[in-house]
>>> print(open('target.tsv').read())   # TSV, C-alpha atoms
chain	number	residue	atom	x	y	z
I	1193	MET	CA	0.00	0.00	0.00
I	1194	PHE	CA	1.27	3.44	-0.93
I	1195	VAL	CA	0.43	6.48	1.16
I	1196	TYR	CA	1.37	9.93	0.06
I	1197	ILE	CA	1.71	12.74	2.56
I	1198	LEU	CA	0.04	15.86	1.25
I	1199	PRO	CA	-1.10	19.06	2.89
I	1200	PRO	CA	-4.47	18.77	4.71
I	1201	PHE	CA	-6.35	21.03	2.22
I	1202	LEU	CA	-5.67	18.45	-0.58
I	1203	THR	CA	-6.58	15.39	1.44
I	1204	GLU	CA	-9.83	16.55	2.99
I	1205	ASN	CA	-12.56	13.90	2.43
I	1206	LYS	CA	-10.42	12.19	-0.20
I	1207	LYS	CA	-9.07	8.68	-0.18
I	1208	LEU	CA	-5.49	8.55	-1.29
I	1209	SER	CA	-4.89	4.82	-1.46
I	1210	VAL	CA	-6.77	1.84	-2.83
I	1211	LYS	CA	-6.30	-1.39	-0.94
I	1212	GLY	CA	-5.95	-4.72	-2.74
I	1213	GLU	CA	-9.46	-5.88	-1.74
I	1214	GLU	CA	-11.01	-2.66	-2.99
I	1215	LYS	CA	-9.19	-3.01	-6.31
I	1216	ARG	CA	-10.54	-6.55	-6.71
I	1217	SER	CA	-14.07	-5.44	-5.85
I	1218	LEU	CA	-13.89	-2.60	-8.31
I	1219	LEU	CA	-12.52	-4.87	-11.04
I	1220	MET	CA	-15.25	-7.48	-10.40
I	1221	ALA	CA	-17.95	-4.80	-10.60
I	1222	VAL	CA	-16.60	-3.53	-13.93
I	1223	ILE	CA	-16.40	-7.08	-15.35
I	1224	PHE	CA	-19.94	-7.88	-14.15
I	1225	LYS	CA	-21.35	-4.74	-15.78
I	1226	ALA	CA	-19.53	-5.52	-19.04
I	1227	ILE	CA	-20.97	-9.06	-19.08
I	1228	CYS	CA	-24.49	-7.71	-18.45
I	1229	VAL	CA	-24.17	-5.21	-21.31
I	1230	PHE	CA	-22.87	-7.97	-23.63
I	1231	ILE	CA	-25.79	-10.28	-22.81
I	1232	PHE	CA	-28.33	-7.49	-23.27
I	1233	LEU	CA	-26.90	-6.47	-26.64
I	1234	SER	CA	-26.78	-10.12	-27.75
I	1235	LEU	CA	-30.48	-10.48	-26.99
I	1236	LEU	CA	-31.30	-7.32	-28.91
I	1237	ALA	CA	-29.30	-8.46	-31.92
I	1238	LYS	CA	-31.23	-11.74	-32.10
I	1239	GLY	CA	-34.55	-9.93	-32.45
I	1240	GLY	CA	-35.41	-9.96	-28.80
I	1241	TRP	CA	-35.10	-12.76	-26.30
I	1242	GLY	CA	-33.87	-15.26	-28.88
I	1243	CYS	CA	-36.89	-15.13	-31.21
I	1244	SER	CA	-36.61	-14.78	-34.96
I	1245	MET	CA	-38.38	-15.51	-38.24
I	1246	GLU	CA	-37.15	-19.11	-37.91
I	1247	ASP	CA	-39.71	-19.51	-35.10
I	1248	LEU	CA	-42.51	-19.48	-37.68
I	1249	ALA	CA	-43.67	-23.06	-38.22
I	1250	ILE	CA	-45.55	-23.89	-41.43
I	1251	ARG	CA	-47.33	-27.23	-41.54
I	1252	GLN	CA	-49.33	-28.46	-44.52
I	1253	THR	CA	-51.57	-31.50	-44.44
I	1254	PRO	CA	-53.96	-32.87	-47.08
I	1255	THR	CA	-57.63	-32.51	-46.14
I	1256	GLY	CA	-58.65	-35.48	-48.28
I	1257	GLU	CA	-60.91	-33.24	-50.39
I	1258	MET	CA	-60.57	-32.38	-54.08
I	1259	VAL	CA	-61.45	-28.97	-55.54
I	1260	ASN	CA	-61.74	-28.76	-59.34
I	1261	GLY	CA	-59.56	-31.87	-59.63
I	1262	LYS	CA	-56.85	-30.43	-57.35
I	1263	ARG	CA	-55.92	-31.77	-53.92
I	1264	GLU	CA	-56.90	-29.52	-51.01
I	1265	TRP	CA	-54.25	-28.63	-48.41
I	1266	ARG	CA	-54.69	-27.22	-44.91
I	1267	VAL	CA	-51.93	-24.78	-43.95
I	1268	ARG	CA	-51.20	-23.96	-40.31
I	1269	ILE	CA	-48.81	-21.08	-39.56
I	1270	SER	CA	-47.78	-20.83	-35.94
I	1271	ASN	CA	-45.36	-18.70	-34.00
I	1272	GLU	CA	-43.28	-21.08	-31.86
I	1273	CYS	CA	-41.71	-18.27	-29.84
I	1274	LYS	CA	-43.55	-17.92	-26.51
I	1275	ASN	CA	-42.11	-14.51	-25.60
I	1276	CYS	CA	-42.69	-12.51	-28.78
I	1277	THR	CA	-45.20	-11.86	-31.55
I	1278	GLN	CA	-44.38	-11.69	-35.23
I	1279	LEU	CA	-45.98	-9.17	-37.53
I	1280	ASN	CA	-45.73	-8.12	-41.16
I	1281	VAL	CA	-44.99	-11.75	-42.00
I	1282	ARG	CA	-44.25	-12.27	-45.69
I	1283	PHE	CA	-43.71	-15.46	-47.68
I	1284	LYS	CA	-42.08	-16.10	-51.02
I	1285	CYS	CA	-45.04	-16.94	-53.25
I	1286	GLY	CA	-43.71	-16.83	-56.80
I	1287	GLY	CA	-45.63	-19.48	-58.76
I	1288	PHE	CA	-48.30	-20.04	-56.09
I	1289	LYS	CA	-51.71	-20.97	-57.54
I	1290	THR	CA	-54.94	-22.19	-56.03
I	1291	ALA	CA	-58.23	-23.48	-57.36
I	1292	LYS	CA	-59.94	-22.32	-54.16
I	1293	ALA	CA	-60.27	-18.71	-53.04
I	1294	ILE	CA	-58.39	-17.60	-49.91
I	1295	LYS	CA	-59.51	-14.60	-47.86
I	1296	LEU	CA	-57.18	-11.69	-48.56
I	1297	THR	CA	-57.01	-10.94	-44.83
I	1298	ILE	CA	-55.41	-14.38	-44.32
I	1299	LEU	CA	-53.08	-14.59	-47.34
I	1300	ALA	CA	-52.77	-11.81	-49.89
I	1301	LYS	CA	-50.61	-12.51	-52.96
I	1302	MET	CA	-48.71	-9.45	-54.15
I	1303	GLY	CA	-46.46	-10.37	-57.05
I	1304	ALA	CA	-43.87	-12.87	-55.87
I	1305	GLN	CA	-44.70	-12.41	-52.19
I	1306	CYS	CA	-47.65	-13.09	-49.90
I	1307	VAL	CA	-48.67	-11.06	-46.86
I	1308	VAL	CA	-49.90	-13.25	-44.02
I	1309	ASN	CA	-52.75	-12.18	-41.70
I	1310	ALA	CA	-52.89	-8.73	-43.36
I	1311	GLY	CA	-49.57	-7.92	-41.66
I	1312	LEU	CA	-51.19	-8.16	-38.22
I	1313	PRO	CA	-49.46	-9.98	-35.35
I	1314	ILE	CA	-49.18	-13.75	-35.18
I	1315	TYR	CA	-49.23	-14.64	-31.50
I	1316	SER	CA	-47.70	-17.81	-30.09
I	1317	SER	CA	-51.06	-19.07	-28.85
I	1318	ILE	CA	-53.14	-18.36	-31.99
I	1319	PRO	CA	-52.09	-20.05	-35.25
I	1320	ILE	CA	-53.25	-18.81	-38.66
I	1321	THR	CA	-54.94	-21.47	-40.79
I	1322	PHE	CA	-56.28	-21.58	-44.33
I	1323	THR	CA	-56.87	-24.07	-47.11
I	1324	TYR	CA	-55.91	-24.00	-50.77
I	1325	ALA	CA	-56.24	-26.45	-53.62
I	1326	TRP	CA	-53.41	-27.30	-56.00
I	1327	ASP	CA	-51.13	-30.12	-57.04
I	1328	PRO	CA	-48.41	-30.40	-56.03
I	1329	LEU	CA	-48.16	-28.88	-52.57
I	1330	PHE	CA	-46.63	-25.36	-52.60
I	1331	ASN	CA	-43.60	-24.75	-50.39
I	1332	PHE	CA	-44.34	-21.52	-48.48
I	1333	THR	CA	-41.06	-19.92	-47.36
I	1334	PRO	CA	-40.98	-16.97	-44.96
I	1335	PHE	CA	-38.58	-14.24	-45.98
I	1336	PHE	CA	-39.57	-11.35	-43.70
I	1337	SER	CA	-41.14	-10.69	-40.31
I	1338	GLN	CA	-40.87	-8.16	-37.52
I	1339	VAL	CA	-40.30	-9.66	-34.08
I	1340	VAL	CA	-41.87	-7.67	-31.25
I	1341	CYS	CA	-41.24	-8.64	-27.64
I	1342	SER	CA	-42.99	-7.19	-24.64
>>> encode(input="target.tsv", output="structure tokens")
Amino acid sequence: MFVYILPPFLTENKKLSVKGEEKRSLLMAVIFKAICVFIFLSLLAKGGWGCSMEDLAIRQTPTGEMVNGKREWRVRISNECKNCTQLNVRFKCGGFKTAKAIKLTILAKMGAQCVVNAGLPIYSSIPITFTYAWDPLFNFTPFFSQVVCS
């Protein structure tokens, strides 16, 4: 420990030396804060709490029905992330056709992309479902969504 002798007017209410234990405590506090900032920024970079567009699950199953000679498919779009909602979900839809009308509020085709649920949120507890009729099955691929965590 180093102690400097200075005139009283310079040392009033001031600590002149830092003990080994205090240095360690200070260093640990700085490291802890840096780790917390790193974790927080990592969560933000992933779209919030680890959720992303990859949490959208698209399942297609045949209904067993035929519409104008085309097989009917039931599509279920669910958000597998429990902590966040996804909105403005868009799929690649180039080449998508159907022999059965789909409500535009559920799936709206706009050129080579489709807007799901009119851009409104898809919550983890409420899947979006619709049916279409075509052969073969169309591979819906998400290419955009906004992840919003509360």
>>> closest_residue(input="target.tsv", among="I:Lys1292, I:Lys1274, I:Lys1262, I:Lys1284", to="Cys1306 in chain I", atoms="only C-alpha atoms")
I:Lys1284
>>> closest_residue(input="target.tsv", among="I:Glu1257, I:Phe1322, I:Lys1225, I:Pro1313", to="Gln1278 in chain I", atoms="all atoms listed in the file")
I:Pro1313
>>> atom_distance(input="target.tsv", atom1="CA of Tyr1315 in chain I", atom2="CA of Lys1295 in chain I")
19.3 Å
>>> residues_around(input="target.tsv", residues="range 1296-1305 of chain I", least_positions_apart="6", cutoff="7 Å", atoms="all atoms listed in the file", output="PyMOL selection string")
chain I and resi 1282-1286
>>> closest_atom_pairs(input="target.tsv", of="range 1230-1296 of chain I", to="range 1330-1342 of chain I", cutoff="8 Å", atoms="all atoms listed in the file", output="CSV")
residue,atom,partner,partner_atom,distance
I:Gly1239,CA,I:Val1339,CA,6.0
I:Gly1240,CA,I:Cys1341,CA,6.1
I:Trp1241,CA,I:Cys1341,CA,7.5
I:Cys1243,CA,I:Val1339,CA,7.1
I:Ser1244,CA,I:Val1339,CA,6.4
I:Met1245,CA,I:Ser1337,CA,5.9
I:Leu1248,CA,I:Pro1334,CA,7.9
I:Ile1250,CA,I:Phe1332,CA,7.5
I:Asn1275,CA,I:Cys1341,CA,6.3
I:Cys1276,CA,I:Cys1341,CA,4.3
I:Thr1277,CA,I:Val1340,CA,5.4
I:Gln1278,CA,I:Val1339,CA,4.7
I:Leu1279,CA,I:Gln1338,CA,5.2
I:Asn1280,CA,I:Ser1337,CA,5.3
I:Val1281,CA,I:Ser1337,CA,4.3
I:Arg1282,CA,I:Phe1336,CA,5.2
I:Phe1283,CA,I:Pro1334,CA,4.1
I:Lys1284,CA,I:Thr1333,CA,5.4
I:Cys1285,CA,I:Phe1332,CA,6.6
I:Phe1288,CA,I:Phe1330,CA,6.6
>>> residues_around(input="target.tsv", residues="Asn1260 in chain I", least_positions_apart="5", cutoff="12 Å", atoms="all atoms listed in the file", output="ChimeraX atom specification")
/I:1290-1293,1324-1327
>>> residues_around(input="target.tsv", residues="Gln1252 in chain I", least_positions_apart="2", cutoff="8 Å", atoms="only C-alpha atoms", output="PyMOL selection string")
chain I and resi 1250+1254+1265-1268
>>> write_last_selection(input="target.tsv", atoms="C-alpha atoms", output="PDB file, keeping the file's coordinate frame")
ATOM      1  CA  ILE I1250     -45.550 -23.890 -41.430  1.00  0.00           C
ATOM      2  CA  PRO I1254     -53.960 -32.870 -47.080  1.00  0.00           C
ATOM      3  CA  TRP I1265     -54.250 -28.630 -48.410  1.00  0.00           C
ATOM      4  CA  ARG I1266     -54.690 -27.220 -44.910  1.00  0.00           C
ATOM      5  CA  VAL I1267     -51.930 -24.780 -43.950  1.00  0.00           C
ATOM      6  CA  ARG I1268     -51.200 -23.960 -40.310  1.00  0.00           C
TER       7      ARG I1268
END
>>> atom_distance(input="target.tsv", atom1="CA of Glu1264 in chain I", atom2="CA of Ala1249 in chain I")
19.5 Å
>>> axis_aligned_box(input="target.tsv", around="range 1291-1304 of chain I", padding_each_side="4 Å", output="lines of an AutoDock Vina configuration file")
center_x = -52.1
center_y = -16.5
center_z = -50.8
size_x = 24.4
size_y = 22.0
size_z = 21.0
